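What's in data14.pdb: PDB, C-alpha atoms
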ATOM      1  CA  MET A   1       0.000   0.000   0.000
ATOM      2  CA  SER A   2       1.404   3.385  -0.873
ATOM      3  CA  ALA A   3      -0.944   5.676   1.087
ATOM      4  CA  PRO A   4      -1.319   5.998   4.845
ATOM      5  CA  PRO A   5      -4.445   4.855   6.670
ATOM      6  CA  GLU A   6      -7.360   7.241   7.098
ATOM      7  CA  ASN A   7      -6.278   8.487  10.543
ATOM      8  CA  TRP A   8      -3.037  10.258   9.604
ATOM      9  CA  GLU A   9      -2.289  13.813  10.649
ATOM     10  CA  GLY A  10      -2.185  16.648   8.153
ATOM     11  CA  GLN A  11       1.178  18.063   7.227
ATOM     12  CA  SER A  12       2.572  21.506   7.714
ATOM     13  CA  THR A  13       4.565  23.378   5.110
ATOM     14  CA  ALA A  14       7.137  24.004   7.830
ATOM     15  CA  THR A  15       7.789  20.363   8.711
ATOM     16  CA  PRO A  16       8.656  17.398   6.508
ATOM     17  CA  PRO A  17       6.280  14.422   6.185
ATOM     18  CA  LEU A  18       6.589  12.007   9.099
ATOM     19  CA  PHE A  19       7.992   8.565   8.434
ATOM     20  CA  ASN A  20       7.878   5.533  10.700
ATOM     21  CA  GLY A  21       8.935   2.915   8.152
ATOM     22  CA  GLN A  22       5.519   2.384   6.557
ATOM     23  CA  TYR A  23       4.132   3.804   3.316
ATOM     24  CA  TYR A  24       7.533   4.568   1.835
ATOM     25  CA  SER A  25       6.381   5.386  -1.707
ATOM     26  CA  TRP A  26       3.808   7.832  -0.305
ATOM     27  CA  ARG A  27       6.438   9.522   1.861
ATOM     28  CA  LYS A  28       8.994   9.532  -0.945
ATOM     29  CA  THR A  29       6.697  11.481  -3.252
ATOM     30  CA  ARG A  30       5.693  13.873  -0.471
ATOM     31  CA  MET A  31       9.346  14.387   0.502
ATOM     32  CA  ILE A  32      10.393  15.184  -3.079
ATOM     33  CA  ASP A  33       7.602  17.772  -3.324
ATOM     34  CA  HIS A  34       8.499  19.183   0.091
ATOM     35  CA  ILE A  35      12.198  19.580  -0.683
ATOM     36  CA  ILE A  36      11.600  21.057  -4.148
ATOM     37  CA  GLY A  37       9.029  23.426  -2.655
ATOM     38  CA  GLU A  38      11.537  24.578  -0.054
ATOM     39  CA  ASP A  39      14.403  25.165  -2.489
ATOM     40  CA  TYR A  40      14.749  23.587  -5.917
ATOM     41  CA  GLU A  41      18.542  23.443  -5.664
ATOM     42  CA  LEU A  42      18.190  21.229  -2.564
ATOM     43  CA  TRP A  43      16.787  18.481  -4.759
ATOM     44  CA  ASP A  44      19.949  18.634  -6.908
ATOM     45  CA  ILE A  45      22.005  18.169  -3.746
ATOM     46  CA  VAL A  46      19.863  15.164  -2.711
ATOM     47  CA  THR A  47      20.125  13.470  -6.107
ATOM     48  CA  ASP A  48      23.687  14.464  -7.076
ATOM     49  CA  GLY A  49      25.357  15.134  -3.727
ATOM     50  CA  PRO A  50      27.154  18.330  -2.716
ATOM     51  CA  LEU A  51      29.828  17.314  -5.216
ATOM     52  CA  ALA A  52      33.342  16.422  -4.339
ATOM     53  CA  THR A  53      35.417  19.214  -2.957
ATOM     54  CA  LEU A  54      38.844  18.019  -3.969
ATOM     55  CA  LYS A  55      42.120  19.773  -4.570
ATOM     56  CA  ILE A  56      45.413  18.740  -6.077
ATOM     57  CA  ASN A  57      47.962  18.391  -3.279
ATOM     58  CA  ALA A  58      51.722  18.993  -3.451
ATOM     59  CA  GLU A  59      52.304  15.462  -4.788
ATOM     60  CA  GLY A  60      49.871  16.113  -7.667
ATOM     61  CA  VAL A  61      47.228  13.762  -6.239
ATOM     62  CA  GLU A  62      43.588  14.668  -5.623
ATOM     63  CA  ALA A  63      42.841  15.015  -1.931
ATOM     64  CA  PRO A  64      39.830  16.325   0.009
ATOM     65  CA  LYS A  65      39.898  20.053   0.649
ATOM     66  CA  THR A  66      40.170  21.182   4.216
ATOM     67  CA  ARG A  67      37.506  23.568   5.442
ATOM     68  CA  ALA A  68      40.001  26.413   5.122
ATOM     69  CA  ASP A  69      40.371  25.626   1.401
ATOM     70  CA  TYR A  70      36.645  25.810   0.621
ATOM     71  CA  THR A  71      35.526  28.423  -1.867
ATOM     72  CA  ALA A  72      32.294  30.368  -1.424
ATOM     73  CA  GLU A  73      30.636  27.962  -3.893
ATOM     74  CA  ASP A  74      31.862  24.913  -1.922
ATOM     75  CA  LEU A  75      30.450  26.389   1.274
ATOM     76  CA  LYS A  76      27.110  27.100  -0.427
ATOM     77  CA  LYS A  77      26.860  23.469  -1.585
ATOM     78  CA  TRP A  78      27.675  22.107   1.877
ATOM     79  CA  GLU A  79      25.211  24.543   3.422
ATOM     80  CA  LYS A  80      22.507  23.277   1.052
ATOM     81  CA  ASN A  81      23.547  19.706   1.894
ATOM     82  CA  ALA A  82      23.014  20.462   5.597
ATOM     83  CA  LYS A  83      19.599  21.955   4.866
ATOM     84  CA  ALA A  84      18.578  18.955   2.734
ATOM     85  CA  LYS A  85      19.790  16.578   5.463
ATOM     86  CA  LYS A  86      17.667  18.485   7.975
ATOM     87  CA  TRP A  87      14.535  18.034   5.827
ATOM     88  CA  LEU A  88      15.240  14.341   5.303
ATOM     89  CA  ILE A  89      15.960  13.639   8.981
ATOM     90  CA  CYS A  90      13.427  15.776  10.852
ATOM     91  CA  GLY A  91      10.403  13.592  10.142
ATOM     92  CA  LEU A  92      12.031  10.281  11.094
ATOM     93  CA  GLY A  93      11.244   7.991  13.984
ATOM     94  CA  PRO A  94      14.111   6.418  15.954
ATOM     95  CA  ASP A  95      14.250   3.163  13.961
ATOM     96  CA  GLU A  96      14.460   4.957  10.632
ATOM     97  CA  TYR A  97      16.986   7.456  12.006
ATOM     98  CA  ASN A  98      19.249   4.584  13.089
ATOM     99  CA  ARG A  99      19.451   3.472   9.436
ATOM    100  CA  ILE A 100      20.975   6.748   8.277
ATOM    101  CA  GLN A 101      22.726   8.033  11.386
ATOM    102  CA  SER A 102      26.210   7.610   9.905
ATOM    103  CA  CYS A 103      25.382   9.248   6.547
ATOM    104  CA  THR A 104      27.221  12.517   5.951
ATOM    105  CA  THR A 105      25.377  13.755   2.866
ATOM    106  CA  ALA A 106      21.737  14.129   1.885
ATOM    107  CA  LYS A 107      22.448  11.913  -1.139
ATOM    108  CA  GLN A 108      23.722   9.111   1.105
ATOM    109  CA  ILE A 109      20.566   9.400   3.236
ATOM    110  CA  TRP A 110      18.298   9.320   0.175
ATOM    111  CA  ASP A 111      20.156   6.389  -1.381
ATOM    112  CA  THR A 112      20.106   4.459   1.917
ATOM    113  CA  PHE A 113      16.340   4.874   2.182
ATOM    114  CA  GLN A 114      15.831   3.802  -1.409
ATOM    115  CA  VAL A 115      17.830   0.606  -0.948
ATOM    116  CA  ALA A 116      16.201  -0.124   2.423
ATOM    117  CA  HIS A 117      12.636   0.381   1.217
ATOM    118  CA  GLU A 118      12.777  -0.297  -2.526
ATOM    119  CA  GLY A 119      15.684  -2.715  -2.633
ATOM    120  CA  THR A 120      18.638  -2.954  -4.964
ATOM    121  CA  PRO A 121      18.108  -2.341  -8.688
ATOM    122  CA  GLN A 122      17.550  -6.080  -9.180
ATOM    123  CA  VAL A 123      14.929  -6.188  -6.405
ATOM    124  CA  LYS A 124      13.253  -3.055  -7.782
ATOM    125  CA  ARG A 125      13.100  -4.700 -11.199
ATOM    126  CA  SER A 126      11.494  -7.813  -9.664
ATOM    127  CA  ILE A 127       8.991  -5.734  -7.701
ATOM    128  CA  GLY A 128       8.264  -3.722 -10.835
ATOM    129  CA  THR A 129       7.647  -6.915 -12.807
ATOM    130  CA  LEU A 130       5.279  -8.188 -10.121
ATOM    131  CA  LEU A 131       3.411  -4.878  -9.920
ATOM    132  CA  TYR A 132       3.187  -4.703 -13.715
ATOM    133  CA  SER A 133       1.672  -8.182 -13.691
ATOM    134  CA  HIS A 134      -0.901  -6.923 -11.173
ATOM    135  CA  TYR A 135      -1.531  -3.959 -13.475
ATOM    136  CA  GLU A 136      -2.027  -6.180 -16.536
ATOM    137  CA  ASN A 137      -4.364  -8.514 -14.628
ATOM    138  CA  PHE A 138      -6.225  -5.753 -12.783
ATOM    139  CA  ALA A 139      -9.912  -6.579 -12.408
ATOM    140  CA  MET A 140     -12.887  -5.505 -10.365
ATOM    141  CA  LYS A 141     -13.411  -7.521  -7.191
ATOM    142  CA  GLU A 142     -16.777  -8.915  -6.167
ATOM    143  CA  GLY A 143     -18.894  -6.197  -4.518
ATOM    144  CA  GLU A 144     -16.299  -3.451  -5.135
ATOM    145  CA  THR A 145     -17.535   0.082  -5.815
ATOM    146  CA  THR A 146     -16.163   2.212  -8.646
ATOM    147  CA  GLN A 147     -14.479   4.473  -6.061
ATOM    148  CA  GLU A 148     -12.746   1.472  -4.515
ATOM    149  CA  ILE A 149     -11.637   0.276  -7.969
ATOM    150  CA  TYR A 150     -10.245   3.686  -8.808
ATOM    151  CA  THR A 151      -8.437   4.003  -5.452
ATOM    152  CA  ARG A 152      -6.883   0.546  -5.794
ATOM    153  CA  PHE A 153      -5.913   1.214  -9.422
ATOM    154  CA  THR A 154      -4.389   4.614  -8.619
ATOM    155  CA  THR A 155      -2.409   3.120  -5.728
ATOM    156  CA  LEU A 156      -1.040   0.445  -8.065
ATOM    157  CA  THR A 157      -0.067   2.923 -10.807
ATOM    158  CA  ASN A 158       1.527   5.234  -8.203
ATOM    159  CA  GLU A 159       3.640   2.350  -6.897
ATOM    160  CA  LEU A 160       4.726   1.576 -10.459
ATOM    161  CA  LYS A 161       5.544   5.250 -10.990
ATOM    162  CA  SER A 162       7.665   5.331  -7.817
ATOM    163  CA  LEU A 163       9.739   2.519  -9.370
ATOM    164  CA  GLY A 164      10.128   4.496 -12.594
ATOM    165  CA  MET A 165       7.471   2.616 -14.585
ATOM    166  CA  ILE A 166       5.042   5.238 -15.826
ATOM    167  CA  MET A 167       1.853   4.032 -17.457
ATOM    168  CA  PRO A 168       0.591   6.516 -20.076
ATOM    169  CA  GLU A 169      -2.764   8.082 -19.198
ATOM    170  CA  GLU A 170      -4.362   6.739 -22.390
ATOM    171  CA  ASP A 171      -3.428   3.176 -21.388
ATOM    172  CA  ARG A 172      -4.807   3.631 -17.877
ATOM    173  CA  VAL A 173      -8.100   5.048 -19.151
ATOM    174  CA  GLU A 174      -8.446   2.311 -21.770
ATOM    175  CA  LYS A 175      -7.742  -0.387 -19.175
ATOM    176  CA  ILE A 176     -10.427   0.909 -16.813
ATOM    177  CA  MET A 177     -13.001   1.508 -19.554
ATOM    178  CA  THR A 178     -12.557  -1.716 -21.516
ATOM    179  CA  ARG A 179     -11.187  -4.345 -19.168
ATOM    180  CA  VAL A 180     -11.999  -3.428 -15.574
ATOM    181  CA  LEU A 181     -15.530  -2.082 -15.356
ATOM    182  CA  PRO A 182     -18.251  -4.744 -15.349
ATOM    183  CA  ILE A 183     -20.532  -5.470 -18.309
ATOM    184  CA  THR A 184     -23.310  -3.460 -16.627
ATOM    185  CA  TRP A 185     -21.299  -0.346 -17.471
ATOM    186  CA  GLU A 186     -21.228  -1.138 -21.204
ATOM    187  CA  SER A 187     -23.879   1.432 -22.184
ATOM    188  CA  LYS A 188     -22.124   4.174 -20.184
ATOM    189  CA  ILE A 189     -18.739   3.278 -21.688
ATOM    190  CA  THR A 190     -20.234   3.362 -25.192
ATOM    191  CA  ALA A 191     -21.743   6.798 -24.465
ATOM    192  CA  ILE A 192     -18.402   8.102 -23.255
TER     193      ILE A 192
END

Would you write the structure of this file as structure tokens?
Amino acid sequence: MSAPPENWEGQSTATPPLFNGQYYSWRKTRMIDHIIGEDYELWDIVTDGPLATLKINAEGVEAPKTRADYTAEDLKKWEKNAKAKKWLICGLGPDEYNRIQSCTTAKQIWDTFQVAHEGTPQVKRSIGTLLYSHYENFAMKEGETTQEIYTRFTTLTNELKSLGMIMPEEDRVEKIMTRVLPITWESKITAI
């Protein structure tokens, strides 16, 4: 399931979405929107890292810069890294925080969460294959309302999207109209 249960608290624009280890794909999407809404450059720091701050030492070998060697641009990137880390960490419970406690960059935190909750690329591919199979075989359940069908279908397509598998809107509409709704809807589908 990619959405929290009905009794979740609303979110503030001043605090990141809470995360207790459940509903990762829901939180992931909310966190992306939250970080981008705060500062678009923060998202670059989360996805790309603050970038290496290396210098060529006396022996001609690349070595990490000391804080005294940082340029104004280096400091800006590390400042944005600290801000992105704050947004990623503030909404975590103790168990989730323990996972990322040793991470020094926002990118490391983000990548750690992705592996922990989505798996390695091979696992993600397997999950994606399984979810796609569910998508292809999606059908109305006995006694299910159209709202329940739509909610279940949207949850499934959102989970696929979080794994990078985006179903075109035309395909989703066609699937619902021609293969999911019961025969009693045939006259309405024809009218549409």

**Request:** For range 93-101 of chain A, work out the shell of residues within 7 Å, counting all atoms listed in the file and skipping chain neighbours fewer than 4 positions away, then give it as a list in words.
**Result:** Phe19, Asn20, Gly21, Ile89, Ile109 and Thr112 of chain A

**Neighbour list for range 42-59 of chain A as an MDAnalysis selection string, cut-off 9 Å, all atoms listed in the file, skip fewer than 2 positions in-chain** = chainID A and resid 32 35:36 38:40 61:66 69:70 74 77:81 83:85 105:111

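Nearest residue to Thr129 in chain A among A:Met165, A:Tyr23, A:Phe113, A:Lys141 is A:Met165, counting all atoms listed in the file.
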
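Coordinates place CA of Val115 in chain A at a distance of 20.6 Å from CA of Thr157 in chain A.
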
Could you give me, as CSV, a per-residue list for range 73-120 of chain A showing, wherever an atom lies at most 9 Å from an atom of range 25-30 of chain A, the closest pair of atoms and their distance in Å to one decimal, using only C-alpha atoms and sorting by chain then residue number from low to high?
residue,atom,partner,partner_atom,distance
A:Gln114,CA,A:Lys28,CA,8.9
A:His117,CA,A:Ser25,CA,8.5
A:Glu118,CA,A:Ser25,CA,8.6

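Residue nearest Cys90 in chain A, chosen from A:Met167, A:Leu130, A:Ala68, A:Met31 and counting all atoms listed in the file: A:Met31.
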
**Request:** Would you list the contacts of Gly91 in chain A as a ChimeraX atom specification, taking every protein, DNA or RNA residue within 8 Å and counting all atoms listed in the file, but skipping same-chain residues closer than 4 positions in sequence?
**Result:** /A:15-19,87

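Counting from CA of Leu131 in chain A, the distance to CA of Leu160 in chain A is 6.6 Å.
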
**Prompt:** Can you list what the PyMOL selection byres ((chain A and resi 153) around 12) grabs from this structure, as a ChimeraX atom specification?
**Reply:** /A:1-2,131-132,134-141,146-152,154-160,167,172-173,175-176,180-181

Might I get the box with edges along x, y and z of the file that holds all atoms of range 68-72 of chain A listed there, padded by 6 Å on every side, given as centre and edge lengths in Å to one decimal, as JSON?
{"center_x": 36.3, "center_y": 28.0, "center_z": 1.6, "size_x": 20.1, "size_y": 16.7, "size_z": 19.0}
